[in-house]
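Asker: The structure that follows is given in the form of C-alpha cells.
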Amino acid sequence: MNVATNRLTSQGGFNMIEVLVTLTVLLIGLLGLAGTMMHGHRSEAESYQRAQALVLMQDMVARINANRKVASCYAVTTDAAAGTPYLGTSASATPACAAGTASQNALAIQDLNDWSALLSGAAETANNANVGAMNGARGCVTYDATTQVYQVSVAWQGLGKTAVPPGTWNCAKGNYGDDDKWRRVVSVTLKIAALN
C-alpha cells in the first residue's frame, strides 16, 4: 500500500508541473497578443492623425483656390527654412492681408484664422477644451517667388520616433523634440495661374 501512495503522490507532482508549464506558455502567448494589440492601436492612431492632417491640408488648398486673386495673403510662413511662423498650436503668426479688395482681404484673414482654429482642434471639444486635431498640429503656407509655387504643409507630433521628414518640409521644425524624429508632416504644392 505504501508503494501505491508514493505513485499517486509523484503522479500528482508531475500533473502540477504540467499545469505550471501550460500556464507559462499561455501567459507568454497572451503577452504577445497584448503587444500585437498595442502595436495595432498605435498604428491605427498614427493613421487617423495622418488622415486628419490630409483633410486639413486639402482644406487650406481649397481656401486658397477659392480666393486665388489674393493667394499671396495665405503665405504666412515667411521663413521656409525654419518653418516659421505657422498657424495652429501655439501659433506665432498673425494673419494680415493687403493684396486685393477689402472683401478678398477679409476672406483671406478669416480663412487663415479658421484654419488655425481647426489645427488647434476647434472642430471637436470635450469639457470646453479643443480635442479635434492631431497632437500639436501646426500649419504652414510658403510661397516661392522664383517658381511661383505655394507649399501647404501640416505638421504634428507622432506617437513614436521615426525618420526625420524631408529637408524641404520644414513646417514647425524643432517643435517636436530635439531631433525632430517625433515630427510628422504632410505637404502639397500648388501653382496659381496668372489671372487677369
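Chain identifiers are assigned as A, B, and so on, following the order in which chains appear in the C-alpha cells; residues are numbered from 1 within each chain, and ligands are numbered from 1 in order of appearance.
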Could you pull out the alpha helix (DSSP H) residues of region 13-178 of chain A from DSSP and send them as a PyMOL selection string?
Answerer: chain A and resi 13-66+102-119
Asker: Once DSSP has gone over the backbone, tell me which residues of region 86-162 of chain A are in strand (DSSP E), as a PyMOL selection string.
Answerer: chain A and resi 87-88+125-126+129-130+138-144+149-157
Asker: With N, CA and C atoms retained, could you export that selection as a PDB file, in the first residue's frame?
Answerer:
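Ended up saving to again.pdb:
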```pdb
ATOM      1  N   LEU A  87       0.640  78.441 -38.205  1.00  0.00           N
ATOM      2  CA  LEU A  87      -0.675  78.580 -37.581  1.00  0.00           C
ATOM      3  C   LEU A  87      -0.989  77.311 -36.804  1.00  0.00           C
ATOM      4  N   GLY A  88      -1.933  77.374 -35.903  1.00  0.00           N
ATOM      5  CA  GLY A  88      -2.348  76.203 -35.138  1.00  0.00           C
ATOM      6  C   GLY A  88      -1.882  76.274 -33.702  1.00  0.00           C
ATOM      7  N   THR A 125     -14.790  69.404 -29.289  1.00  0.00           N
ATOM      8  CA  THR A 125     -14.434  69.841 -27.943  1.00  0.00           C
ATOM      9  C   THR A 125     -14.892  68.816 -26.919  1.00  0.00           C
ATOM     10  N   ALA A 126     -14.185  68.784 -25.805  1.00  0.00           N
ATOM     11  CA  ALA A 126     -14.562  67.954 -24.659  1.00  0.00           C
ATOM     12  C   ALA A 126     -14.234  68.746 -23.410  1.00  0.00           C
ATOM     13  N   ALA A 129     -12.559  72.081 -23.957  1.00  0.00           N
ATOM     14  CA  ALA A 129     -11.192  72.071 -24.485  1.00  0.00           C
ATOM     15  C   ALA A 129     -11.226  71.532 -25.914  1.00  0.00           C
ATOM     16  N   ASN A 130     -10.397  72.122 -26.783  1.00  0.00           N
ATOM     17  CA  ASN A 130     -10.304  71.653 -28.163  1.00  0.00           C
ATOM     18  C   ASN A 130      -9.557  70.326 -28.205  1.00  0.00           C
ATOM     19  N   ARG A 138       0.258  71.980 -36.408  1.00  0.00           N
ATOM     20  CA  ARG A 138       0.670  73.294 -36.879  1.00  0.00           C
ATOM     21  C   ARG A 138       0.612  73.289 -38.401  1.00  0.00           C
ATOM     22  N   GLY A 139       0.254  74.431 -38.989  1.00  0.00           N
ATOM     23  CA  GLY A 139       0.147  74.515 -40.444  1.00  0.00           C
ATOM     24  C   GLY A 139       0.995  75.639 -40.997  1.00  0.00           C
ATOM     25  N   CYS A 140       1.581  75.395 -42.165  1.00  0.00           N
ATOM     26  CA  CYS A 140       2.430  76.377 -42.834  1.00  0.00           C
ATOM     27  C   CYS A 140       1.985  76.540 -44.277  1.00  0.00           C
ATOM     28  N   VAL A 141       2.072  77.763 -44.768  1.00  0.00           N
ATOM     29  CA  VAL A 141       1.870  78.045 -46.189  1.00  0.00           C
ATOM     30  C   VAL A 141       3.027  78.917 -46.614  1.00  0.00           C
ATOM     31  N   THR A 142       3.848  78.397 -47.528  1.00  0.00           N
ATOM     32  CA  THR A 142       5.000  79.158 -48.036  1.00  0.00           C
ATOM     33  C   THR A 142       4.787  79.475 -49.500  1.00  0.00           C
ATOM     34  N   TYR A 143       5.528  80.486 -49.982  1.00  0.00           N
ATOM     35  CA  TYR A 143       5.463  80.859 -51.390  1.00  0.00           C
ATOM     36  C   TYR A 143       6.878  81.058 -51.891  1.00  0.00           C
ATOM     37  N   ASP A 144       7.199  80.413 -52.995  1.00  0.00           N
ATOM     38  CA  ASP A 144       8.495  80.568 -53.644  1.00  0.00           C
ATOM     39  C   ASP A 144       8.290  81.466 -54.861  1.00  0.00           C
ATOM     40  N   VAL A 149       5.317  78.872 -56.742  1.00  0.00           N
ATOM     41  CA  VAL A 149       4.660  77.692 -56.187  1.00  0.00           C
ATOM     42  C   VAL A 149       4.389  77.904 -54.700  1.00  0.00           C
ATOM     43  N   TYR A 150       3.182  77.580 -54.291  1.00  0.00           N
ATOM     44  CA  TYR A 150       2.809  77.595 -52.884  1.00  0.00           C
ATOM     45  C   TYR A 150       2.991  76.181 -52.337  1.00  0.00           C
ATOM     46  N   GLN A 151       3.409  76.087 -51.091  1.00  0.00           N
ATOM     47  CA  GLN A 151       3.501  74.789 -50.428  1.00  0.00           C
ATOM     48  C   GLN A 151       2.670  74.869 -49.153  1.00  0.00           C
ATOM     49  N   VAL A 152       1.684  73.987 -49.054  1.00  0.00           N
ATOM     50  CA  VAL A 152       0.823  73.911 -47.868  1.00  0.00           C
ATOM     51  C   VAL A 152       1.239  72.659 -47.106  1.00  0.00           C
ATOM     52  N   SER A 153       1.575  72.838 -45.830  1.00  0.00           N
ATOM     53  CA  SER A 153       2.048  71.720 -45.009  1.00  0.00           C
ATOM     54  C   SER A 153       1.316  71.703 -43.675  1.00  0.00           C
ATOM     55  N   VAL A 154       1.114  70.501 -43.159  1.00  0.00           N
ATOM     56  CA  VAL A 154       0.570  70.317 -41.814  1.00  0.00           C
ATOM     57  C   VAL A 154       1.539  69.410 -41.066  1.00  0.00           C
ATOM     58  N   ALA A 155       1.961  69.859 -39.885  1.00  0.00           N
ATOM     59  CA  ALA A 155       2.887  69.089 -39.051  1.00  0.00           C
ATOM     60  C   ALA A 155       2.202  68.755 -37.732  1.00  0.00           C
ATOM     61  N   TRP A 156       2.599  67.638 -37.140  1.00  0.00           N
ATOM     62  CA  TRP A 156       2.060  67.230 -35.843  1.00  0.00           C
ATOM     63  C   TRP A 156       3.044  66.290 -35.177  1.00  0.00           C
ATOM     64  N   GLN A 157       2.800  66.011 -33.902  1.00  0.00           N
ATOM     65  CA  GLN A 157       3.661  65.103 -33.149  1.00  0.00           C
ATOM     66  C   GLN A 157       3.126  63.688 -33.245  1.00  0.00           C
TER      67      GLN A 157
END
```
Asker: Go through A:Ile17, A:Cys97, A:Leu54, A:Ala102 one by one, measure the shortest atom-to-atom distance of each to Ala133 (chain A) using only C-alpha atoms, and give the residue with the smallest value.
Answerer: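 Of all the options, A:Leu54 lies closest to Ala133 (chain A).
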Asker: Of the candidates A:Ser103, A:Ala45, A:Gln148, A:Thr36, which shows the shortest atom-to-atom distance to Ser72 (chain A), using only C-alpha atoms?
Answerer: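 The closest residue to Ser72 (chain A) is A:Gln148.
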Asker: Can you list, as a ChimeraX atom specification, every protein, DNA or RNA residue that comes within 12 Å of Thr101 (chain A) when you count only C-alpha atoms, leaving out same-chain residues fewer than 3 positions away?
Answerer: /A:67,69-70,73,97-98,104-108
Asker: Quick one: distance from CA of Tyr74 (chain A) to CA of Leu159 (chain A) in Å, one decimal?
Answerer: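 It comes out at 29.7 Å.
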Asker: Any idea what the distance is between CA of Thr84 (chain A) and CA of Ala66 (chain A)?
Answerer: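 Between these atoms lies a distance of 24.4 Å.
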Asker: Have a look at CA of Ala193 (chain A) and CA of Ala62 (chain A) and let me know their distance in Å, one decimal.
Answerer: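 These atoms are spaced 14.7 Å apart.
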Asker: Hey, could you make a per-residue contact list for region 58-143 of chain A against region 46-49 of chain A with 12 Å as the cut-off, showing the nearest pair of atoms and its distance in Å to one decimal, counting only C-alpha atoms, sorted by chain and number, as a tab-separated table?
Answerer:
```
residue	atom	partner	partner_atom	distance
A:Leu119	CA	A:Gln49	CA	11.6
A:Gly121	CA	A:Gln49	CA	11.9
A:Gly132	CA	A:Gln49	CA	10.1
A:Ala133	CA	A:Gln49	CA	7.7
A:Met134	CA	A:Gln49	CA	5.4
A:Asn135	CA	A:Gln49	CA	8.2
A:Gly136	CA	A:Gln49	CA	10.9
A:Ala137	CA	A:Gln49	CA	9.6
```
Asker: Go ahead and write the selection's residues with N, CA and C atoms as a compact mmCIF listing (two decimals), in the first residue's frame.
Answerer:
```
# COMPACT_ATOMS: atom_id res chain seq x y z
N LEU A 119 -6.65 73.61 -36.78
CA LEU A 119 -5.39 72.96 -36.40
C LEU A 119 -5.26 72.84 -34.89
N GLY A 121 -7.68 72.21 -32.99
CA GLY A 121 -8.67 71.23 -32.53
C GLY A 121 -10.05 71.75 -32.31
N GLY A 132 -10.00 68.18 -31.28
CA GLY A 132 -10.29 67.64 -32.59
C GLY A 132 -9.13 67.41 -33.53
N ALA A 133 -7.98 67.95 -33.28
CA ALA A 133 -6.88 67.82 -34.24
C ALA A 133 -5.82 66.86 -33.72
N MET A 134 -4.77 66.76 -34.49
CA MET A 134 -3.65 65.90 -34.12
C MET A 134 -2.89 66.52 -32.94
N ASN A 135 -1.96 65.76 -32.37
CA ASN A 135 -1.16 66.27 -31.26
C ASN A 135 -0.25 67.39 -31.74
N GLY A 136 -0.44 68.58 -31.21
CA GLY A 136 0.43 69.71 -31.54
C GLY A 136 0.37 70.10 -33.00
N ALA A 137 -0.80 70.10 -33.61
CA ALA A 137 -0.92 70.39 -35.05
C ALA A 137 -0.55 71.83 -35.37
```
Asker: So, counting only C-alpha atoms, which residue among A:Thr189, A:Asn65, A:Thr146, A:Ser120 is closest to Tyr86 (chain A)?
Answerer: A:Ser120
Asker: I'd like to know which of A:Thr147, A:Ile64, A:Asp79, A:Val55 is closest to Ile109 (chain A), using only C-alpha atoms.
Answerer: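 Using only C-alpha atoms, Ile109 (chain A) sits closest to A:Ile64.
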Asker: Give me, as CSV, the closest atom pair and its distance (Å, one decimal) for every residue of region 18-109 of chain A within a cut-off of 8 Å of region 164-184 of chain A, counting only C-alpha atoms, rows sorted by chain and rising number.
Answerer:
```
residue,atom,partner,partner_atom,distance
A:Ala80,CA,A:Asn170,CA,6.7
A:Ala81,CA,A:Asn170,CA,6.1
A:Ala82,CA,A:Lys173,CA,6.0
A:Gly83,CA,A:Cys171,CA,4.0
A:Thr84,CA,A:Ala172,CA,6.2
A:Pro85,CA,A:Ala172,CA,7.8
A:Tyr86,CA,A:Ala172,CA,6.7
```
